[in-house]
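In what follows, a single structure is set out as structure tokens and then discussed.
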Amino acid sequence: MTKLQIRALIYQLLSFGAIFIGLQLILKSYSHLSGMWLMFTAFVAGTLLAPQFQAVKTNDGEHIFMRWIFMKGFRKIK
């Protein structure tokens with residue numbers, strides 16, 4: 001794995017973790033879910049809502065691109 005691929009993986013894990021923990025706290029406060037169902041619901045929603053990062057080799061070199069459900073197209077990160 002290259003340095004940018006590792007960085008993209010770390011960005012992906014951090015963004016998913018932040019969304020997962022936030023959703024877990026929100027669901028715990030405003031729903032009657034508990035135990036496994038709370039975790040499962042936060043996991044599925046976090047997977048769908050978290051941005052996707054990928055390192056891609058282009059003609060200009062290797063770059064990190066982000067795709068998110070709330071944005072059109074891809075955004076170049078580095």
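Every chain in the structure tokens has a letter given in the order shown (A, B, ...), and although residue numbers restart at 1 in each chain, ligands are simply numbered from 1 in the order shown.
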
Worksheet item: So which residues touch region 31-43 of chain A within 9 Å, counting only C-alpha atoms, skipping near sequence neighbours fewer than 4 positions away, as a list of chain:residue names?
Response: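 Contacts, with the query itself left out: A:Phe16, A:Ile19, A:Phe20, A:Ile21, A:Gly22, A:Leu23, A:Gln24, A:Ile26, A:Leu27, A:Thr47, A:Leu48.
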
Selection export as a CSV table (one decimal), in the first residue's frame, atoms kept: all heavy atoms:
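Saved to result_0.csv:
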chain,number,residue,atom,x,y,z
A,16,PHE,N,-16.2,7.6,9.2
A,16,PHE,CA,-17.2,6.6,9.6
A,16,PHE,C,-17.4,6.5,11.1
A,16,PHE,O,-18.5,6.5,11.6
A,16,PHE,CB,-16.9,5.2,9.1
A,16,PHE,CG,-17.8,4.1,9.7
A,16,PHE,CD1,-19.0,3.9,9.2
A,16,PHE,CD2,-17.3,3.3,10.7
A,16,PHE,CE1,-19.9,3.0,9.7
A,16,PHE,CE2,-18.2,2.3,11.2
A,16,PHE,CZ,-19.4,2.2,10.8
A,19,ILE,N,-19.3,9.6,12.4
A,19,ILE,CA,-20.8,9.5,12.1
A,19,ILE,C,-21.4,8.4,12.9
A,19,ILE,O,-22.5,8.5,13.4
A,19,ILE,CB,-21.0,9.3,10.6
A,19,ILE,CG1,-20.6,10.6,9.9
A,19,ILE,CG2,-22.4,8.9,10.2
A,19,ILE,CD1,-20.6,10.5,8.4
A,20,PHE,N,-20.7,7.2,13.1
A,20,PHE,CA,-21.3,6.1,13.8
A,20,PHE,C,-21.5,6.5,15.3
A,20,PHE,O,-22.6,6.2,15.8
A,20,PHE,CB,-20.3,4.9,13.7
A,20,PHE,CG,-20.7,3.8,14.6
A,20,PHE,CD1,-21.7,2.9,14.2
A,20,PHE,CD2,-20.0,3.5,15.8
A,20,PHE,CE1,-22.1,1.8,15.0
A,20,PHE,CE2,-20.4,2.4,16.6
A,20,PHE,CZ,-21.4,1.6,16.2
A,21,ILE,N,-20.6,7.1,15.9
A,21,ILE,CA,-20.7,7.5,17.3
A,21,ILE,C,-21.8,8.6,17.5
A,21,ILE,O,-22.6,8.5,18.4
A,21,ILE,CB,-19.4,8.0,17.9
A,21,ILE,CG1,-18.4,6.8,18.0
A,21,ILE,CG2,-19.6,8.7,19.3
A,21,ILE,CD1,-17.0,7.1,18.4
A,22,GLY,N,-21.8,9.6,16.5
A,22,GLY,CA,-22.9,10.6,16.6
A,22,GLY,C,-24.3,10.0,16.4
A,22,GLY,O,-25.2,10.3,17.2
A,23,LEU,N,-24.4,9.1,15.5
A,23,LEU,CA,-25.7,8.5,15.3
A,23,LEU,C,-26.1,7.6,16.4
A,23,LEU,O,-27.3,7.5,16.8
A,23,LEU,CB,-25.7,7.6,14.0
A,23,LEU,CG,-25.8,8.3,12.7
A,23,LEU,CD1,-25.6,7.4,11.5
A,23,LEU,CD2,-27.1,9.0,12.5
A,24,GLN,N,-25.2,6.9,17.0
A,24,GLN,CA,-25.4,6.1,18.2
A,24,GLN,C,-26.0,6.9,19.3
A,24,GLN,O,-27.0,6.6,20.0
A,24,GLN,CB,-24.2,5.4,18.6
A,24,GLN,CG,-24.4,4.2,19.5
A,24,GLN,CD,-23.0,3.5,19.7
A,24,GLN,OE1,-22.0,4.0,19.4
A,24,GLN,NE2,-23.1,2.3,20.3
A,26,ILE,N,-27.4,9.9,19.1
A,26,ILE,CA,-28.7,10.5,18.7
A,26,ILE,C,-29.8,9.4,18.8
A,26,ILE,O,-30.9,9.7,19.4
A,26,ILE,CB,-28.7,11.1,17.3
A,26,ILE,CG1,-27.8,12.3,17.3
A,26,ILE,CG2,-30.1,11.4,16.8
A,26,ILE,CD1,-27.5,12.9,15.9
A,27,LEU,N,-29.5,8.2,18.3
A,27,LEU,CA,-30.5,7.2,18.4
A,27,LEU,C,-30.8,6.7,19.8
A,27,LEU,O,-32.0,6.4,20.2
A,27,LEU,CB,-30.1,5.9,17.6
A,27,LEU,CG,-30.1,6.1,16.1
A,27,LEU,CD1,-29.4,4.9,15.4
A,27,LEU,CD2,-31.5,6.2,15.6
A,47,THR,N,-22.7,3.6,7.5
A,47,THR,CA,-22.1,3.1,6.3
A,47,THR,C,-22.7,3.9,5.1
A,47,THR,O,-21.9,4.2,4.1
A,47,THR,CB,-22.4,1.6,6.1
A,47,THR,OG1,-21.8,0.9,7.3
A,47,THR,CG2,-21.8,1.0,4.9
A,48,LEU,N,-24.0,4.2,5.1
A,48,LEU,CA,-24.6,4.9,4.0
A,48,LEU,C,-24.2,6.3,4.0
A,48,LEU,O,-24.1,6.9,2.9
A,48,LEU,CB,-26.1,4.7,4.1
A,48,LEU,CG,-26.6,3.2,3.9
A,48,LEU,CD1,-28.1,3.2,4.1
A,48,LEU,CD2,-26.3,2.7,2.5

Worksheet item: Which is closer to Tyr11 (chain A) than all the others in A:Leu25, A:Met71, A:Ala50, A:Val56, using only C-alpha atoms?
Response: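 Closest residue, counting only C-alpha atoms: A:Ala50.
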
Worksheet entry | Distance criterion (only C-alpha atoms): nearest to Ala55 (chain A) out of A:Gly17, A:Met1, A:Lys28, A:Ala8 |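 Result for the nearest residue to Ala55 (chain A): A:Ala8.
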
Fill in: Best match for closeness to Lys3 (chain A) among A:Ile64, A:Leu49, A:Ile77, A:Ile69, counting only C-alpha atoms
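Using only C-alpha atoms, Lys3 (chain A) sits closest to A:Ile64.
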
Worksheet item: Hey, what does DSSP flag as strand (DSSP E) within chain A? Can you give it to me as a ChimeraX atom specification?
Response: /A:52-58,61-67,74-76

Discussion item. If you run DSSP on the backbone here, which positions in chain A get alpha helix (DSSP H)? Please write them as a PyMOL selection string.
Written reply: chain A and resi 3-30+36-49

Discussion item. Using only C-alpha atoms, can you tell me which of A:Lys57, A:Arg67, A:Arg75, A:Gln52 comes closest to Ile10 (chain A)?
Written reply: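 Smallest distance to Ile10 (chain A) is found for A:Gln52.
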
Fill in: Point-to-point distance from CA of Lys76 (chain A) to CA of His63 (chain A), Å rounded to tenths
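Computing it gives 7.1 Å between the two atoms.
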
Fill in: Atom-to-atom span, CA of Phe70 (chain A) and CA of Ser29 (chain A), Å
24.9 Å

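For the pair CA of Asn59 (chain A) and CA of Lys72 (chain A), the separation is 22.8 Å.
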